[in-house]
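**Q** First the structure, which I've put down as structure tokens, then a few questions once you've had a look.
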Amino acid sequence: MKEADAIKLFIGQIPRNLEEKDLKPIFEQFGKIYELTVIKDKYTGMHKGCAFLTYCARESALKAQSALHEQKTLPGMNRPIQVKPADSESRGDRKLFVGMLGKQQTDEDVRKMFEPFGSIDECTVLRGPDGTSKGCAFVKFQTHAEAQAAINSLHGSRTLPGASSSLVVKFADTEKERGLRRMQQVANQLGMFSPMTLQFGAYSAYTQAVRKCSPGCSSNAYLNPMATMAAVQMQQMAALNANGLIATPITPITPSSGTSTPPTIAATPVPALPAPIGVNGYSPVPTQANGQAASETIYANGVHPYPAAYPAAYGLVSQAFPQQATIVTQQHQQPQQQQQREGPEGCNIFIYHLPQEFTDSEMLQMFLPFGNVISAKVFVDRATNQSKCFGFVSFDNPASAQAAIQAMNGFQIGMKRLKVQLKRPKDANRPY
DNA sequence: TTTTATT
């Protein structure tokens, strides 16, 4: 069916509305297609804008790559289509991150510097939206050995003009490391500046939250919303650090929409977070007897809300921040009428029991981790200018809205718990 | 000073 030396291609920069049937005509002109798969998010099913393609013949793959790679841009895309061997086709780690470049250096300058060590597949200086160099680059060699040789010779070997320290040459971050980096950025964004603050805030918020969830135990302690968010972040980081994976929750999972769930648990999102891995292997989470039943309920539905919510959410963070920047810019450009954009049906959520002091921007921050926020509005009393303690957040897709609901409904802030649900359509529930 | 994505 396919040749033994067939190449699996990675196809990038494809519009998210194109499915296999739409893509097929573009590629079959180069030969018989063995397999073509659009890549979708494991949990949300969201189209990731890329695909894998294997031709029956190796030659077809080579022809398609040379004819299409970076040669045309599909409708709605800003960058040209990518057609190249999938990562799974390459052997070993051969991609380098190069830091501490001067801002003036071009792709060609960097290429010249690395050429002596082997054949370079890709060489790109990272640039911001305005085209300014970020002072770093990615260089991909054909083999791991070549990359290693470049590290050995170049790392720390010199300080380029305009750089603040000596040249950095190392293997590029893995996907896992990038995830961690993104979460640290989220933590910073939430105002947690030092590791000490972060640990302290997270621990106290976390223990209070756990106590609150234990039967027969009540805590009236005030939870700083940012410390509470810190707790979420910390648990994520701990889980990732320990396993390289999101830990499977051992504590009760709670379907926020479940009708048969006891109210005390239904409003408790904290156990839906992964079991934190404590320092030195100590886990502060008590395993609760009712946890298993709750978990099974979820799996029976085929939906695992926790892994769905957070990996998906953090996968979107890198998109979420540019989005936030966009919002800020828009406010400057048209301060009079920043549009209240509403997303499509299923993308808009209603949030009640917000802390009195929460503003649009704080609510935005709280929901950014779940996707592209296109609008975040706290409702304010006209007369007093005081928050009415509720608001609306709109995402650009329903999966983000569901992730936000799943993770944040019932989230404890102070003595209250957030109510987070889909915004009702305008015409519904208006009997009077 | 870490990217537009890799089942």
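Lettering and numbering for the structure tokens are positional, with chains as A, B, ... in the shown order, residues counted from 1 in each chain, and ligands counted from 1 in the shown order.
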Would you kindly return, as a PyMOL selection string, each protein, DNA or RNA residue with an atom no farther than 10 Å from any atom of DT3 in chain B, considering only C-alpha atoms (C1' of nucleotides) and excluding same-chain residues fewer than 2 positions away?

**A** (chain A and resi 124-127+137-138) or (chain B and resi 5)

**Q** Do you have, as JSON lines, the list of residues of chain A lying at most 9 Å from chain B, each with its nearest atom pair and that distance in Å to one decimal, counting only C-alpha atoms (C1' of nucleotides) and ordered by chain then number?

**A**
```
{"residue": "A:Phe10", "atom": "CA", "partner": "B:DT6", "partner_atom": "C1'", "distance": 7.0}
{"residue": "A:Ile11", "atom": "CA", "partner": "B:DA5", "partner_atom": "C1'", "distance": 8.9}
{"residue": "A:Gly12", "atom": "CA", "partner": "B:DA5", "partner_atom": "C1'", "distance": 6.2}
{"residue": "A:Gln13", "atom": "CA", "partner": "B:DT4", "partner_atom": "C1'", "distance": 6.9}
{"residue": "A:Thr37", "atom": "CA", "partner": "B:DT7", "partner_atom": "C1'", "distance": 8.2}
{"residue": "A:Val38", "atom": "CA", "partner": "B:DT7", "partner_atom": "C1'", "distance": 8.7}
{"residue": "A:Ile39", "atom": "CA", "partner": "B:DT7", "partner_atom": "C1'", "distance": 6.3}
{"residue": "A:Lys40", "atom": "CA", "partner": "B:DT7", "partner_atom": "C1'", "distance": 8.1}
{"residue": "A:Lys42", "atom": "CA", "partner": "B:DT7", "partner_atom": "C1'", "distance": 8.8}
{"residue": "A:Lys48", "atom": "CA", "partner": "B:DA5", "partner_atom": "C1'", "distance": 6.3}
{"residue": "A:Gly49", "atom": "CA", "partner": "B:DA5", "partner_atom": "C1'", "distance": 6.2}
{"residue": "A:Cys50", "atom": "CA", "partner": "B:DA5", "partner_atom": "C1'", "distance": 5.7}
{"residue": "A:Ala51", "atom": "CA", "partner": "B:DT6", "partner_atom": "C1'", "distance": 8.4}
{"residue": "A:Phe52", "atom": "CA", "partner": "B:DT7", "partner_atom": "C1'", "distance": 8.0}
{"residue": "A:Arg79", "atom": "CA", "partner": "B:DT4", "partner_atom": "C1'", "distance": 8.3}
{"residue": "A:Ala86", "atom": "CA", "partner": "B:DT6", "partner_atom": "C1'", "distance": 6.4}
{"residue": "A:Asp87", "atom": "CA", "partner": "B:DT6", "partner_atom": "C1'", "distance": 6.0}
{"residue": "A:Ser88", "atom": "CA", "partner": "B:DT6", "partner_atom": "C1'", "distance": 7.5}
{"residue": "A:Phe97", "atom": "CA", "partner": "B:DT2", "partner_atom": "C1'", "distance": 7.1}
{"residue": "A:Val98", "atom": "CA", "partner": "B:DT1", "partner_atom": "C1'", "distance": 7.8}
{"residue": "A:Gly99", "atom": "CA", "partner": "B:DT1", "partner_atom": "C1'", "distance": 4.7}
{"residue": "A:Met100", "atom": "CA", "partner": "B:DT1", "partner_atom": "C1'", "distance": 5.9}
{"residue": "A:Leu101", "atom": "CA", "partner": "B:DT1", "partner_atom": "C1'", "distance": 8.3}
{"residue": "A:Leu126", "atom": "CA", "partner": "B:DT3", "partner_atom": "C1'", "distance": 7.2}
{"residue": "A:Lys134", "atom": "CA", "partner": "B:DT1", "partner_atom": "C1'", "distance": 7.2}
{"residue": "A:Gly135", "atom": "CA", "partner": "B:DT1", "partner_atom": "C1'", "distance": 6.3}
{"residue": "A:Cys136", "atom": "CA", "partner": "B:DT1", "partner_atom": "C1'", "distance": 5.6}
{"residue": "A:Ala137", "atom": "CA", "partner": "B:DT2", "partner_atom": "C1'", "distance": 8.6}
{"residue": "A:Phe138", "atom": "CA", "partner": "B:DT3", "partner_atom": "C1'", "distance": 8.2}
{"residue": "A:Val168", "atom": "CA", "partner": "B:DT1", "partner_atom": "C1'", "distance": 8.3}
{"residue": "A:Ala172", "atom": "CA", "partner": "B:DT2", "partner_atom": "C1'", "distance": 7.0}
{"residue": "A:Asp173", "atom": "CA", "partner": "B:DT2", "partner_atom": "C1'", "distance": 6.6}
{"residue": "A:Arg178", "atom": "CA", "partner": "B:DT2", "partner_atom": "C1'", "distance": 7.3}
{"residue": "A:Arg181", "atom": "CA", "partner": "B:DT2", "partner_atom": "C1'", "distance": 8.8}
```

**Q** So that I can see what lies close to Gly391 in chain A, please list as a ChimeraX atom specification the residues with an atom at most 7 Å from it, counting only C-alpha atoms (C1' of nucleotides) and leaving out residues fewer than 2 positions away in the same chain.

**A** /A:350-352,377-379,389,393

**Q** Output all heavy atoms of each residue in that selection to a file, as a compact mmCIF listing (two decimals), in the first residue's frame.

**A**
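Saved to part09.txt:
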```txt
# COMPACT_ATOMS: atom_id res chain seq x y z
N PHE A 350 -21.51 33.61 31.66
CA PHE A 350 -22.01 34.52 32.68
C PHE A 350 -21.29 34.18 33.98
O PHE A 350 -21.17 33.01 34.33
CB PHE A 350 -23.52 34.30 32.80
CG PHE A 350 -24.15 34.91 34.01
CD1 PHE A 350 -24.30 36.29 34.10
CD2 PHE A 350 -24.60 34.11 35.05
CE1 PHE A 350 -24.90 36.87 35.21
CE2 PHE A 350 -25.20 34.68 36.17
CZ PHE A 350 -25.35 36.06 36.25
N ILE A 351 -20.80 35.19 34.65
CA ILE A 351 -20.07 34.96 35.91
C ILE A 351 -20.74 35.77 37.01
O ILE A 351 -20.90 36.99 36.89
CB ILE A 351 -18.59 35.39 35.80
CG1 ILE A 351 -17.90 34.63 34.69
CG2 ILE A 351 -17.86 35.13 37.12
CD1 ILE A 351 -17.71 35.44 33.43
N TYR A 352 -21.16 35.08 38.08
CA TYR A 352 -21.81 35.75 39.19
C TYR A 352 -21.00 35.50 40.47
O TYR A 352 -20.24 34.54 40.55
CB TYR A 352 -23.25 35.23 39.32
CG TYR A 352 -24.11 36.09 40.23
CD1 TYR A 352 -24.02 37.48 40.19
CD2 TYR A 352 -24.99 35.50 41.12
CE1 TYR A 352 -24.80 38.27 41.03
CE2 TYR A 352 -25.79 36.29 41.95
CZ TYR A 352 -25.68 37.67 41.90
OH TYR A 352 -26.45 38.44 42.72
N LYS A 377 -16.51 41.85 30.54
CA LYS A 377 -17.20 43.04 31.05
C LYS A 377 -17.85 42.78 32.40
O LYS A 377 -18.71 41.91 32.52
CB LYS A 377 -18.28 43.45 30.03
CG LYS A 377 -18.86 44.82 30.28
CD LYS A 377 -17.86 45.90 29.94
CE LYS A 377 -18.21 47.22 30.60
NZ LYS A 377 -17.04 48.11 30.66
N VAL A 378 -17.41 43.53 33.40
CA VAL A 378 -18.07 43.49 34.70
C VAL A 378 -19.19 44.54 34.66
O VAL A 378 -18.96 45.67 34.21
CB VAL A 378 -17.07 43.83 35.83
CG1 VAL A 378 -17.81 43.98 37.16
CG2 VAL A 378 -15.99 42.77 35.93
N PHE A 379 -20.37 44.17 35.12
CA PHE A 379 -21.46 45.14 35.09
C PHE A 379 -21.39 46.06 36.29
O PHE A 379 -21.13 45.63 37.41
CB PHE A 379 -22.81 44.43 34.96
CG PHE A 379 -23.10 44.11 33.52
CD1 PHE A 379 -22.28 43.23 32.83
CD2 PHE A 379 -24.14 44.72 32.85
CE1 PHE A 379 -22.51 42.97 31.48
CE2 PHE A 379 -24.38 44.46 31.52
CZ PHE A 379 -23.57 43.58 30.82
N CYS A 389 -21.16 42.85 40.73
CA CYS A 389 -20.63 41.53 41.07
C CYS A 389 -21.01 40.44 40.07
O CYS A 389 -21.02 39.26 40.40
CB CYS A 389 -21.03 41.10 42.49
SG CYS A 389 -20.35 42.22 43.72
N VAL A 393 -18.02 37.07 29.98
CA VAL A 393 -16.77 36.88 29.25
C VAL A 393 -17.10 36.14 27.96
O VAL A 393 -17.87 35.17 27.98
CB VAL A 393 -15.75 36.07 30.07
CG1 VAL A 393 -14.57 35.63 29.21
CG2 VAL A 393 -15.25 36.89 31.26
```

**Q** Just how far from CA of His69 in chain A is CA of Ile26 in chain A, in Å to one decimal?

**A** 12.4 Å

**Q** Can you tell me how far CA of Gly45 in chain A sits from CA of Ala399 in chain A, in Å to one decimal?

**A**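 So the two atoms, CA of Gly45 in chain A and CA of Ala399 in chain A, lie 8.6 Å apart.
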
**Q** May I have all residues of range 7-152 of chain A that DSSP, computed from the backbone, assigns to helix (DSSP H, G or I), given as an MDAnalysis selection string?

**A** chainID A and resid 20:30 58:68 87:89 107:117 144:152
